[in-house]
Each structure stands twice: as structure tokens, then as C-alpha cells.
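Colleague: Input: one structure, supplied below.
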Amino acid sequence: MNRSQASKTACAVVFLLVAQCLVVVATAQTISDSVWRQNLATWRAQYDKQISAPDGWLTLAGLEWLKPGFNSIGASSDNSISIKVQAPDHIGSITVNGKIVQLLSPNGGFPGGLTTDGKPAREGNLNTSNEHPTVIAWRGLELVVLLRGDRFVLRIKDANAPTRTNFHGLHWYPPDPAYRVQARWIPYKPPQIEKIATVIGTTIDMTAPGVAEFLLKGKVYLLEPVLEGDDKSHLFFVLRDETSQTTTYQAGRFLRTGLPDRGLAHPGHLTIDFNQLYNPPCAYTPYATCPLPPEKNRLPVAIEAGEQRFAQ
């Protein structure tokens, strides 16, 4: 074999190897895209199931402010709070004394089948934390007392609420990998406390550990996540974009992501998949107390990904 033939043979081998490498890369990308789409479909199905569960957001049927002192509760009109769904005439009373909230029974005792945290109801203090509040239940009815600002509110859920019984699924943009971006994580040192406004006029103090910087549609944007209480297992984004004027919920949407690759305290990178944007509870019911996007998270770009406006 002369030098020219050897050179041609070598080039052919190199070309073949390059072609094989391109096939492998293309196959890997296809598999990756396929897995991503399957994972996204699974996540959306789980979220749909969560929303329509017997205790999901579609069951929220009332939100009543508790006054200091004595608050009688039940379906009868002689109660301080008259529940407008199927319920016993007199469930009991909730007393508010400073930060102490207690459940008391009616004169005739608690109605049959009433439970607190799954056990037969009894008088005593109620847990009002957002993480593990005491659940007062009767058949498909659930009552929970929560602290909102400096006041307590009674959240009423009804498994037979029309928003749930007439539910036919959520509406989503088609999956689009262009909205799955790699962001640069810039930590705050120290973390900042942000006052997040809510739809009921209160504010929530939430910890902002840093900011995510990313490229979308040729421009650089910043988003600031917060932590939900003491939970440091994920980041919580409250944001709004230009689709709120047309196809998505007007007040904004939520997004949860994993943590940056080097943790919250160090510069690093973070994956943000806007295909997992979802509506706040306020999109489904007027009885929720949702946080609103801070000014810095109101993006001047249309993010045509994730959940669209809710309609039955």
C-alpha cells in the first residue's frame, strides 16, 4: 500500500469513527429528551392528581377570620361562623386567646364521626403551623386553623365542592426543551429576608438565599427564589411573565426546583425547567391566601411553558 492509499484508508477510518460518535451523541440526546418528556408527563399527571384529591385545592370552600375569644362553628345560622356546606348544625367552638387556639365541644358533645388528626375529636389546643396544622374532619369536610399575619383564619375544605366534582383536568403548554435552562447561582452573603405580599393584604417574611441568572430568548434575566419555612430541600420561585396578560393566571405562577450543584452558600449552577410552572391555589378558588410575585420576579418576557389559566 502506497502513502496515498494509506492516507485515504486512515481518513476513511477517522470519518467512520466520527460518524459513529455523532450517531452515539445523537442517540444520547434523543434518549435524554425522551426521558425528560416522560418525566415531565409523569410530574404533570401527579400534580393533576394532587390538585383533584379529596383534600386538594379544588376542595377549598371557605375562609373565615376568627375573632379573639369565642367562635362557634356549624351549619346552623346561630353560629358565629355558619358553614355553607354539608356539616353538623353545631360542630364546636374555637377560642382564640393571644397565640393559643383551642377547640371546645358543644353542650351536647361533639357530633358523631368528628375527628381531630384522624382520632375521635376531643377538646384541647390546636396546632396552627403551616407545616402540620390540626385537621378537624367530618365526612368530606375538613377544618384547619392557620395564622395569617397577626390573625387566625379558619380554612374550610369540602370534598364535594363543585370545583372538584366538575373538574376535567388542567391546561398546559406543550413541552418545550427551550424553556429548560441552566442558571448561574449567585448566593447572598448573608441570606436576605424578603417581605412577600399576599392576595389578602398581609406579608410573609421569607428567606431569600440568593439569585439565579439565566439566558432566555437571547436576553439575561434574574429570578430570586425563597425558602419555604425551614425546608432547605428545594427552592421556591414566585414569578410573573408577560403571558399573565393572555394565557396564564394573571397574578403569577409558582415553580419549585432542586438546589444549586454546590449548595446554597456557594456560587454554582442550577437547572430551571419552566415547563413545570404551575398555578397558585388562588387560580382555582377565591378562598386561598397566596403570595404574590415580588417586583424583581416580574419578568418582561413571555414564558410560554407550564400551566395555563384554569377553566372548568
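In the C-alpha cells, chains take letters A, B, ... by order of appearance, with residues numbered from 1 within each chain and ligands from 1 in the order shown.
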Give me, as a tab-separated table, each residue of range 72-142 of chain A that comes within 8 Å of range 149-172 of chain A, together with its shortest interatomic pair and the distance in Å at one decimal, counting only C-alpha atoms, with rows ordered by chain and rising residue number.
Modeller:
```
residue	atom	partner	partner_atom	distance
A:Val85	CA	A:Asp158	CA	7.2
A:Gly140	CA	A:Ala159	CA	4.9
A:Leu141	CA	A:Asp158	CA	4.8
A:Glu142	CA	A:Lys157	CA	5.0
```
Colleague: For range 276-288 of chain A, list every protein, DNA or RNA residue within 8 Å, evaluated using only C-alpha atoms, and leave out those in the same chain fewer than 2 positions away; present the list as a PyMOL selection string.
Modeller: chain A and resi 40+44+57-58+60-63+155+163+249+252-256+273-274+290+305-310
Colleague: Closest to Leu104 in chain A among A:His90, A:His132, A:Arg148, A:Arg37, using only C-alpha atoms?
Modeller: A:His90
Colleague: If you measure from CA of Pro293 in chain A to CA of Pro133 in chain A, what distance in Å do you get, rounded to one decimal?
Modeller: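 A separation of 25.4 Å between them.
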Colleague: Got a sec: who's within 6 Å of Leu235 in chain A, counting only C-alpha atoms, leaving out chain neighbours fewer than 3 positions off, as a list of chain:residue names?
Modeller: A:Pro225, A:Leu227, A:Arg256, A:Thr257
Colleague: Out of range 76-305 of chain A, which residues get strand (DSSP E) from DSSP, as a tab-separated table (two decimals) with C-alpha atoms, in the first residue's frame?
Modeller:
```
chain	number	residue	atom	x	y	z
A	81	ILE	CA	-69.35	31.09	61.66
A	82	SER	CA	-72.10	29.42	59.66
A	92	GLY	CA	-67.98	23.03	68.32
A	93	SER	CA	-66.26	26.27	69.22
A	94	ILE	CA	-62.77	27.61	68.57
A	95	THR	CA	-61.42	30.03	71.14
A	96	VAL	CA	-58.58	32.45	70.43
A	97	ASN	CA	-56.60	33.76	73.38
A	100	ILE	CA	-53.38	29.95	71.97
A	101	VAL	CA	-56.19	28.40	69.92
A	102	GLN	CA	-58.43	25.73	71.44
A	103	LEU	CA	-61.28	23.51	70.28
A	104	LEU	CA	-64.26	23.16	72.65
A	115	THR	CA	-62.18	13.70	64.32
A	116	THR	CA	-59.03	15.70	65.01
A	119	LYS	CA	-58.75	10.37	66.00
A	120	PRO	CA	-62.10	10.91	67.78
A	124	GLY	CA	-57.70	20.92	73.56
A	125	ASN	CA	-55.12	23.13	71.87
A	135	VAL	CA	-57.18	18.85	60.91
A	136	ILE	CA	-60.76	18.78	62.19
A	137	ALA	CA	-62.75	16.43	59.93
A	138	TRP	CA	-66.30	15.19	59.45
A	141	LEU	CA	-65.42	18.25	55.47
A	142	GLU	CA	-62.04	19.49	56.77
A	143	LEU	CA	-61.41	22.50	59.01
A	144	VAL	CA	-57.93	23.91	59.70
A	145	VAL	CA	-56.90	26.98	61.70
A	146	LEU	CA	-53.88	28.87	60.35
A	147	LEU	CA	-52.02	32.04	61.34
A	148	ARG	CA	-52.10	34.73	58.66
A	151	ARG	CA	-54.67	36.94	62.89
A	152	PHE	CA	-56.07	33.42	62.74
A	153	VAL	CA	-58.17	32.16	59.87
A	154	LEU	CA	-60.37	29.06	59.52
A	155	ARG	CA	-59.83	27.23	56.23
A	156	ILE	CA	-62.79	25.11	55.12
A	157	LYS	CA	-62.43	22.25	52.63
A	158	ASP	CA	-65.26	20.22	51.15
A	180	ARG	CA	-35.33	24.21	30.40
A	181	VAL	CA	-32.36	26.46	31.17
A	182	GLN	CA	-29.11	26.28	33.10
A	183	ALA	CA	-28.82	29.19	35.50
A	184	ARG	CA	-25.84	30.63	37.35
A	185	TRP	CA	-26.40	30.60	41.10
A	186	ILE	CA	-25.26	33.74	42.95
A	187	PRO	CA	-25.63	33.35	46.74
A	188	TYR	CA	-26.45	36.19	49.10
A	189	LYS	CA	-23.99	36.57	51.96
A	190	PRO	CA	-25.77	36.61	54.29
A	191	PRO	CA	-29.21	35.43	53.05
A	192	GLN	CA	-31.84	38.16	52.90
A	193	ILE	CA	-35.30	38.32	54.45
A	194	GLU	CA	-37.90	39.35	51.89
A	195	LYS	CA	-41.38	40.61	52.75
A	196	ILE	CA	-43.63	38.80	50.29
A	197	ALA	CA	-47.09	40.32	49.81
A	203	THR	CA	-46.99	40.00	54.15
A	204	ILE	CA	-44.86	36.93	54.79
A	205	ASP	CA	-41.22	37.08	55.86
A	206	MET	CA	-39.35	34.54	53.71
A	207	THR	CA	-35.64	33.82	53.41
A	208	ALA	CA	-34.03	34.53	50.01
A	209	PRO	CA	-30.69	32.66	49.85
A	210	GLY	CA	-29.54	34.08	46.51
A	211	VAL	CA	-30.47	34.80	42.92
A	212	ALA	CA	-30.50	32.74	39.70
A	213	GLU	CA	-29.15	34.32	36.49
A	214	PHE	CA	-30.11	32.73	33.18
A	215	LEU	CA	-30.33	33.30	29.43
A	216	LEU	CA	-33.74	33.09	27.73
A	219	LYS	CA	-31.53	38.02	26.99
A	220	VAL	CA	-30.26	37.63	30.54
A	221	TYR	CA	-32.76	37.60	33.40
A	222	LEU	CA	-32.63	37.25	37.18
A	223	LEU	CA	-35.03	35.38	39.47
A	226	VAL	CA	-37.20	31.88	48.64
A	227	LEU	CA	-37.21	29.04	51.14
A	228	GLU	CA	-40.48	27.66	52.50
A	231	ASP	CA	-37.31	23.47	54.41
A	232	LYS	CA	-33.97	23.72	52.59
A	233	SER	CA	-34.54	20.77	50.26
A	234	HIS	CA	-35.66	22.91	47.30
A	235	LEU	CA	-36.06	26.46	46.02
A	236	PHE	CA	-39.45	28.15	45.64
A	237	PHE	CA	-39.96	30.75	42.90
A	238	VAL	CA	-42.96	33.11	42.79
A	239	LEU	CA	-42.93	34.86	39.42
A	253	ARG	CA	-47.23	31.25	38.85
A	254	PHE	CA	-45.08	29.07	41.11
A	255	LEU	CA	-42.03	26.90	40.41
A	256	ARG	CA	-40.01	24.57	42.61
A	257	THR	CA	-36.51	23.44	41.68
A	268	GLY	CA	-22.69	27.30	41.25
A	269	HIS	CA	-25.30	26.26	38.72
A	270	LEU	CA	-28.98	25.42	38.82
A	271	THR	CA	-31.44	23.82	36.38
A	272	ILE	CA	-34.69	25.74	35.94
A	273	ASP	CA	-37.42	23.96	33.97
```
